[in-house]
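Structure file entry-v8.txt (compact mmCIF, C-alpha atoms) follows.
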```txt
# COMPACT_ATOMS: atom_id res chain seq x y z
CA MET A 1 12.96 66.45 -4.20
CA ILE A 2 13.83 70.14 -3.94
CA ALA A 3 11.19 72.43 -5.49
CA LYS A 4 12.18 75.83 -4.08
CA LEU A 5 15.26 77.27 -2.45
CA ASN A 6 15.37 80.30 -0.16
CA GLY A 7 18.82 81.51 0.75
CA THR A 8 21.70 83.89 0.13
CA VAL A 9 23.59 84.13 -3.15
CA ASP A 10 27.18 83.13 -2.36
CA THR A 11 28.72 82.92 -5.84
CA ILE A 12 27.61 83.56 -9.42
CA ASN A 13 29.37 81.56 -12.16
CA VAL A 14 28.99 81.51 -15.96
CA ASP A 15 26.15 78.96 -15.96
CA SER A 16 25.36 78.48 -12.27
CA ALA A 17 25.21 80.02 -8.81
CA ILE A 18 25.86 78.79 -5.29
CA ILE A 19 22.96 79.50 -2.96
CA MET A 20 23.58 79.19 0.77
CA ALA A 21 20.60 77.80 2.68
CA GLY A 22 20.71 76.34 6.19
CA GLY A 23 24.51 76.27 6.19
CA VAL A 24 24.65 74.31 2.93
CA GLY A 25 25.85 75.69 -0.41
CA TYR A 26 23.65 74.43 -3.24
CA LEU A 27 25.03 74.52 -6.78
CA VAL A 28 22.15 75.68 -8.97
CA PHE A 29 22.45 75.72 -12.77
CA ALA A 30 20.52 78.56 -14.40
CA SER A 31 20.05 80.57 -17.58
CA ASN A 32 21.66 83.98 -18.13
CA ASN A 33 18.20 85.44 -17.62
CA THR A 34 17.93 84.08 -14.06
CA LEU A 35 21.62 84.65 -13.20
CA SER A 36 21.36 88.31 -14.25
CA LYS A 37 18.71 88.84 -11.54
CA LEU A 38 20.92 87.51 -8.74
CA THR A 39 23.27 89.58 -6.59
CA VAL A 40 26.03 88.14 -4.41
CA GLY A 41 25.20 88.57 -0.73
CA LYS A 42 21.49 89.12 -1.35
CA GLU A 43 18.61 86.89 -0.27
CA VAL A 44 16.85 85.03 -3.08
CA SER A 45 13.87 82.74 -3.51
CA ILE A 46 14.36 80.55 -6.53
CA LEU A 47 12.25 77.80 -8.12
CA ILE A 48 14.07 74.51 -8.54
CA GLU A 49 13.75 71.60 -10.95
CA THR A 50 15.62 68.60 -9.53
CA ARG A 51 17.06 66.08 -11.95
CA VAL A 52 18.56 62.87 -10.56
CA ARG A 53 21.04 60.80 -12.56
CA GLU A 54 23.06 57.76 -11.56
CA ASP A 55 26.14 59.91 -11.05
CA ALA A 56 24.65 63.27 -10.06
CA PHE A 57 21.91 65.15 -8.24
CA LEU A 58 21.39 68.31 -10.34
CA LEU A 59 19.48 71.46 -9.43
CA PHE A 60 18.20 73.84 -12.11
CA GLY A 61 17.01 77.23 -10.90
CA PHE A 62 14.47 79.67 -12.30
CA PHE A 63 13.54 83.17 -11.23
CA ASP A 64 9.91 82.70 -12.26
CA THR A 65 7.34 80.01 -13.07
CA GLN A 66 7.20 80.94 -16.74
CA GLU A 67 10.87 80.18 -17.35
CA LYS A 68 10.64 76.91 -15.42
CA ASP A 69 7.60 75.86 -17.51
CA TRP A 70 9.54 76.61 -20.68
CA PHE A 71 12.50 74.59 -19.43
CA LEU A 72 10.22 71.60 -18.85
CA LYS A 73 8.69 71.97 -22.32
CA LEU A 74 12.08 72.31 -24.02
CA THR A 75 13.66 69.34 -22.26
CA ASN A 76 10.71 67.16 -23.25
CA VAL A 77 11.75 67.60 -26.89
CA GLN A 78 14.00 64.80 -28.13
CA GLY A 79 17.58 66.03 -28.43
CA VAL A 80 17.23 68.80 -25.82
CA GLY A 81 19.01 67.97 -22.58
CA ASN A 82 19.12 70.01 -19.39
CA LYS A 83 22.13 72.13 -20.36
CA LEU A 84 20.82 72.81 -23.87
CA GLY A 85 17.44 73.78 -22.43
CA LEU A 86 19.17 76.42 -20.30
CA THR A 87 21.29 77.53 -23.26
CA ILE A 88 18.16 78.15 -25.35
CA LEU A 89 16.65 80.18 -22.50
CA SER A 90 19.94 82.11 -22.22
CA TYR A 91 20.04 83.11 -25.89
CA LEU A 92 16.33 83.65 -26.57
CA SER A 93 13.78 85.54 -24.53
CA ILE A 94 10.55 83.69 -23.86
CA ALA A 95 8.72 86.18 -26.10
CA ASP A 96 11.16 85.51 -28.98
CA LEU A 97 10.85 81.77 -28.42
CA SER A 98 7.05 81.98 -28.51
CA ARG A 99 7.05 84.04 -31.71
CA ALA A 100 9.50 81.66 -33.40
CA ILE A 101 7.42 78.60 -32.57
CA ILE A 102 4.08 80.14 -33.53
CA SER A 103 5.41 81.63 -36.78
CA GLY A 104 7.49 78.56 -37.66
CA ASP A 105 10.68 80.64 -37.89
CA LYS A 106 13.50 78.09 -37.43
CA ASP A 107 16.14 80.71 -38.28
CA VAL A 108 15.68 82.27 -34.82
CA PHE A 109 17.48 79.23 -33.36
CA LYS A 110 20.64 79.85 -35.43
CA ILE A 111 22.09 82.01 -32.66
CA VAL A 112 21.79 79.19 -30.10
CA PRO A 113 24.91 76.97 -29.86
CA GLY A 114 23.94 73.33 -30.18
CA VAL A 115 20.67 73.89 -32.05
CA GLY A 116 21.00 72.97 -35.73
CA PRO A 117 18.33 73.25 -38.44
CA LYS A 118 16.85 69.80 -37.74
CA LEU A 119 16.50 70.42 -34.02
CA GLY A 120 15.06 73.88 -34.72
CA ILE A 121 12.34 72.29 -36.86
CA ARG A 122 11.69 69.64 -34.20
CA LEU A 123 11.31 72.31 -31.51
CA ILE A 124 8.78 74.19 -33.62
CA THR A 125 6.85 71.04 -34.55
CA GLU A 126 6.67 69.58 -31.05
CA LEU A 127 6.03 72.83 -29.16
CA ARG A 128 3.62 74.62 -31.50
CA GLY A 129 0.49 73.31 -29.78
CA LYS A 130 1.93 73.89 -26.31
CA VAL A 131 3.01 77.52 -26.51
CA ALA A 132 -0.33 79.04 -25.52
CA ASP A 133 -0.46 76.86 -22.39
CA VAL A 134 2.83 78.22 -21.12
CA ASP A 135 3.00 81.74 -22.39
CA GLU A 136 -0.41 83.24 -23.06
CA PRO A 137 0.34 86.66 -21.47
CA LEU A 138 3.37 87.22 -23.70
CA LEU A 139 1.51 86.44 -26.89
CA GLY A 140 -0.39 89.74 -26.95
CA VAL A 141 1.65 91.09 -29.84
CA ILE A 142 1.24 87.85 -31.77
CA ASN A 143 -2.48 87.71 -31.00
CA ASP A 144 -2.87 91.31 -32.19
CA ASN A 145 -1.14 90.38 -35.44
CA ILE A 146 -3.40 87.34 -35.86
CA LYS A 147 -6.50 89.49 -35.20
CA HIS A 148 -5.29 91.95 -37.82
CA ILE A 149 -4.85 89.17 -40.41
CA VAL A 150 -8.28 87.70 -39.55
CA ASN A 151 -9.95 91.12 -39.88
CA GLU A 152 -8.23 91.81 -43.20
CA ALA A 153 -9.26 88.41 -44.57
CA VAL A 154 -12.87 88.82 -43.42
CA SER A 155 -13.00 92.29 -44.95
CA ALA A 156 -11.68 90.95 -48.29
CA LEU A 157 -14.26 88.13 -48.30
CA VAL A 158 -17.11 90.51 -47.47
CA ASN A 159 -16.02 92.69 -50.40
CA LEU A 160 -16.30 89.57 -52.57
CA GLY A 161 -19.92 89.19 -51.51
CA TYR A 162 -19.71 86.74 -48.59
CA LYS A 163 -21.66 87.18 -45.35
CA LYS A 164 -19.52 88.62 -42.55
CA ASN A 165 -20.45 85.97 -39.94
CA ASP A 166 -19.77 83.09 -42.34
CA ALA A 167 -16.48 84.64 -43.44
CA HIS A 168 -15.34 85.21 -39.84
CA GLU A 169 -16.21 81.67 -38.78
CA THR A 170 -14.31 80.12 -41.70
CA VAL A 171 -11.27 82.38 -41.38
CA THR A 172 -11.02 81.77 -37.61
CA LYS A 173 -11.23 78.01 -38.11
CA ILE A 174 -8.41 78.06 -40.69
CA MET A 175 -6.28 80.36 -38.52
CA ASN A 176 -6.62 78.05 -35.51
CA GLN A 177 -5.49 75.08 -37.62
CA THR A 178 -2.55 76.89 -39.25
CA PRO A 179 -1.54 79.98 -37.20
CA GLU A 180 1.58 80.62 -39.29
CA ILE A 181 -0.44 81.25 -42.47
CA ASN A 182 -0.15 84.61 -44.24
CA LEU A 183 -3.03 86.81 -45.43
CA SER A 184 -3.14 85.75 -49.09
CA GLN A 185 -2.96 82.05 -48.19
CA LEU A 186 -5.73 82.55 -45.64
CA ILE A 187 -8.05 84.18 -48.18
CA THR A 188 -7.29 81.47 -50.75
CA LEU A 189 -8.08 78.67 -48.30
CA ALA A 190 -11.23 80.42 -47.13
CA LEU A 191 -12.49 80.66 -50.71
CA LYS A 192 -11.88 76.93 -51.16
CA GLU A 193 -14.05 76.25 -48.09
CA LYS A 194 -17.09 77.42 -50.12
CA ILE A 195 -18.42 79.71 -47.42
```
Representation of the structure as structure tokens:
Amino acid sequence: MIAKLNGTVDTINVDSAIIMAGGVGYLVFASNNTLSKLTVGKEVSILIETRVREDAFLLFGFFDTQEKDWFLKLTNVQGVGNKLGLTILSYLSIADLSRAIISGDKDVFKIVPGVGPKLGIRLITELRGKVADVDEPLLGVINDNIKHIVNEAVSALVNLGYKKNDAHETVTKIMNQTPEINLSQLITLALKEKI
């Protein structure tokens, strides 16, 4: 099982590259993101996910751990094969992918060939709880937005006469359960919690 490949970039194709290592040219399939960081004739160290089929021994390459983790998550979703996983990573940045999954925005996937509305919904549903594991550093913008919504909701509840600590605890609990919720829905649900 090949996990990492150190060698020289021999050829860059539309969806793959040939990496020369120890006198052998390895065909490595990769996303546009990874391929754009390769230069013919230059040394490269690339992470590899090996997939063995009855008729083929396929290598998928990634410039960094984050992209490889996303590939593994995507290809665990029913209906997403190896090539489609790379296509998604070619058309969407990891930050855009994270935002789409957390916010439940299936329309983001419209630009990806091979991902229809049903698969877009399935990706969001199956990956929502797994995004933070893979991509916590890139979620700063999202987390800032969530903090803003939480603070606004707490402020509104305090103005209605609720204790700040109680309001914050309730709002945070609701936000953790349904991160895609908007401000007015959050306040409504918090009021129903009888804080």
> Could you name the residues that touch range 32-34 of chain A at 10 Å or less, counting only C-alpha atoms, but leaving out those on the same chain fewer than 5 positions away, as a PyMOL selection string?
Replying inline: chain A and resi 14-17+46+61-64+67+86-93
> What is the distance between CA of Thr8 in chain A and CA of Ala21 in chain A, in Å to one decimal?
Replying inline: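 Separation of CA of Thr8 in chain A and CA of Ala21 in chain A: 6.7 Å.
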>> My list of candidates is A:Met20, A:Leu119, A:Val112, A:Ile146. Which is closest to Thr178 in chain A when distances are computed with all atoms listed in the file?
In response: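 With all atoms listed in the file as the atom set, the closest residue is A:Ile146.
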> Expressed in Å to a single decimal, how great is the separation between CA of Trp70 in chain A and CA of Leu5 in chain A?
Replying inline: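 Spanning CA of Trp70 in chain A to CA of Leu5 in chain A is a straight-line distance of 19.1 Å.
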> Pick from A:Pro113, A:Ala3, A:Lys164, A:Tyr26: nearest to Thr65 in chain A, with all atoms listed in the file counted?
Replying inline: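 Of A:Pro113, A:Ala3, A:Lys164, A:Tyr26, the one nearest Thr65 in chain A, counting all atoms listed in the file, is A:Ala3.
Of note, CA of Ile149 in chain A and CA of Lys163 in chain A are spaced 17.6 Å apart.
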> Quick one: of A:Val171, A:Ala95, A:Leu74, A:Val24, who's nearest to Asn6 in chain A, counting all atoms listed in the file?
Replying inline: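 Under the stated criterion, the closest residue is A:Val24.
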>> Tell me which residues come within 9 Å of (25.9, 84.3, -1.4), as a PyMOL selection string, counting only C-alpha atoms in the file's coordinates.
In response: chain A and resi 7-12+17-20+25+39-43
> From the list A:Asn165, A:Ser98, A:Asn151, A:Thr188, which residue is nearest Lys73 in chain A when using only C-alpha atoms?
Replying inline: A:Ser98
>> Given the point (17.1, 79.6, -36.2) in the coordinates of this file, which residues lie within 12 Å, counting only C-alpha atoms, and how would they look as a PyMOL selection string?
In response: chain A and resi 88+91-92+96-97+99-101+103-124
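For Glu49 in chain A, the list of residues within 9 Å, based on all atoms listed in the file and with local chain neighbours fewer than 5 positions off taken out, reads Met1, Ile2, Ala3, Lys4, Leu58, Leu59, Phe60, Gly61, Phe62, Lys68 and Leu72 of chain A.
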Write to file, as a PDB file, in the frame of the given file, the residues of the selection just made, with C-alpha atoms.
```pdb
ATOM      1  CA  MET A   1      12.960  66.450  -4.200  1.00  0.00           C
ATOM      2  CA  ILE A   2      13.830  70.140  -3.940  1.00  0.00           C
ATOM      3  CA  ALA A   3      11.190  72.430  -5.490  1.00  0.00           C
ATOM      4  CA  LYS A   4      12.180  75.830  -4.080  1.00  0.00           C
ATOM      5  CA  LEU A  58      21.390  68.310 -10.340  1.00  0.00           C
ATOM      6  CA  LEU A  59      19.480  71.460  -9.430  1.00  0.00           C
ATOM      7  CA  PHE A  60      18.200  73.840 -12.110  1.00  0.00           C
ATOM      8  CA  GLY A  61      17.010  77.230 -10.900  1.00  0.00           C
ATOM      9  CA  PHE A  62      14.470  79.670 -12.300  1.00  0.00           C
ATOM     10  CA  LYS A  68      10.640  76.910 -15.420  1.00  0.00           C
ATOM     11  CA  LEU A  72      10.220  71.600 -18.850  1.00  0.00           C
TER      12      LEU A  72
END
```
Please fill the gaps in range 17-28 of chain A so it has all heavy atoms, and write that as a tab-separated table (two decimals), keeping the file's coordinate frame.
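Writing done, so here's out39.tsv:
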```tsv
chain	number	residue	atom	x	y	z
A	17	ALA	N	25.00	79.20	-10.00
A	17	ALA	CA	25.21	80.02	-8.81
A	17	ALA	C	25.24	79.09	-7.60
A	17	ALA	O	24.68	78.00	-7.63
A	17	ALA	CB	24.10	81.04	-8.67
A	18	ILE	N	25.90	79.53	-6.55
A	18	ILE	CA	25.86	78.79	-5.29
A	18	ILE	C	24.96	79.57	-4.34
A	18	ILE	O	25.20	80.76	-4.08
A	18	ILE	CB	27.27	78.62	-4.68
A	18	ILE	CG1	28.13	77.77	-5.63
A	18	ILE	CG2	27.17	77.97	-3.30
A	18	ILE	CD1	29.59	77.63	-5.20
A	19	ILE	N	23.92	78.89	-3.89
A	19	ILE	CA	22.96	79.50	-2.96
A	19	ILE	C	23.15	78.86	-1.59
A	19	ILE	O	23.05	77.64	-1.45
A	19	ILE	CB	21.50	79.27	-3.42
A	19	ILE	CG1	21.30	79.62	-4.91
A	19	ILE	CG2	20.52	80.03	-2.53
A	19	ILE	CD1	21.40	81.06	-5.25
A	20	MET	N	23.41	79.69	-0.59
A	20	MET	CA	23.58	79.19	0.77
A	20	MET	C	22.22	79.15	1.46
A	20	MET	O	21.52	80.15	1.52
A	20	MET	CB	24.52	80.10	1.56
A	20	MET	CG	25.94	80.16	1.04
A	20	MET	SD	26.81	78.57	1.04
A	20	MET	CE	26.88	78.22	2.80
A	21	ALA	N	21.86	77.96	1.97
A	21	ALA	CA	20.60	77.80	2.68
A	21	ALA	C	20.81	76.80	3.82
A	21	ALA	O	21.24	75.68	3.57
A	21	ALA	CB	19.50	77.32	1.74
A	22	GLY	N	20.55	77.23	5.04
A	22	GLY	CA	20.71	76.34	6.19
A	22	GLY	C	22.12	75.83	6.36
A	22	GLY	O	22.33	74.69	6.78
A	23	GLY	N	23.11	76.66	6.04
A	23	GLY	CA	24.51	76.27	6.19
A	23	GLY	C	25.05	75.39	5.08
A	23	GLY	O	26.19	74.94	5.13
A	24	VAL	N	24.24	75.14	4.06
A	24	VAL	CA	24.65	74.31	2.93
A	24	VAL	C	24.70	75.16	1.66
A	24	VAL	O	23.80	75.96	1.40
A	24	VAL	CB	23.67	73.12	2.72
A	24	VAL	CG1	24.09	72.29	1.52
A	24	VAL	CG2	23.60	72.26	3.97
A	25	GLY	N	25.76	74.99	0.87
A	25	GLY	CA	25.85	75.69	-0.41
A	25	GLY	C	25.35	74.82	-1.54
A	25	GLY	O	25.93	73.76	-1.83
A	26	TYR	N	24.25	75.21	-2.15
A	26	TYR	CA	23.65	74.43	-3.24
A	26	TYR	C	24.11	74.99	-4.58
A	26	TYR	O	23.98	76.19	-4.83
A	26	TYR	CB	22.12	74.49	-3.18
A	26	TYR	CG	21.54	73.80	-1.97
A	26	TYR	CD1	21.33	74.49	-0.78
A	26	TYR	CD2	21.18	72.45	-2.02
A	26	TYR	CE1	20.80	73.86	0.34
A	26	TYR	CE2	20.65	71.81	-0.91
A	26	TYR	CZ	20.46	72.53	0.27
A	26	TYR	OH	19.94	71.90	1.37
A	27	LEU	N	24.65	74.11	-5.43
A	27	LEU	CA	25.03	74.52	-6.78
A	27	LEU	C	23.79	74.44	-7.66
A	27	LEU	O	23.20	73.37	-7.84
A	27	LEU	CB	26.12	73.59	-7.34
A	27	LEU	CG	26.57	73.88	-8.77
A	27	LEU	CD1	27.24	75.26	-8.87
A	27	LEU	CD2	27.52	72.80	-9.26
A	28	VAL	N	23.38	75.59	-8.18
A	28	VAL	CA	22.15	75.68	-8.97
A	28	VAL	C	22.51	76.16	-10.38
A	28	VAL	O	23.03	77.26	-10.56
A	28	VAL	CB	21.14	76.66	-8.32
A	28	VAL	CG1	19.88	76.77	-9.17
A	28	VAL	CG2	20.81	76.23	-6.90
```
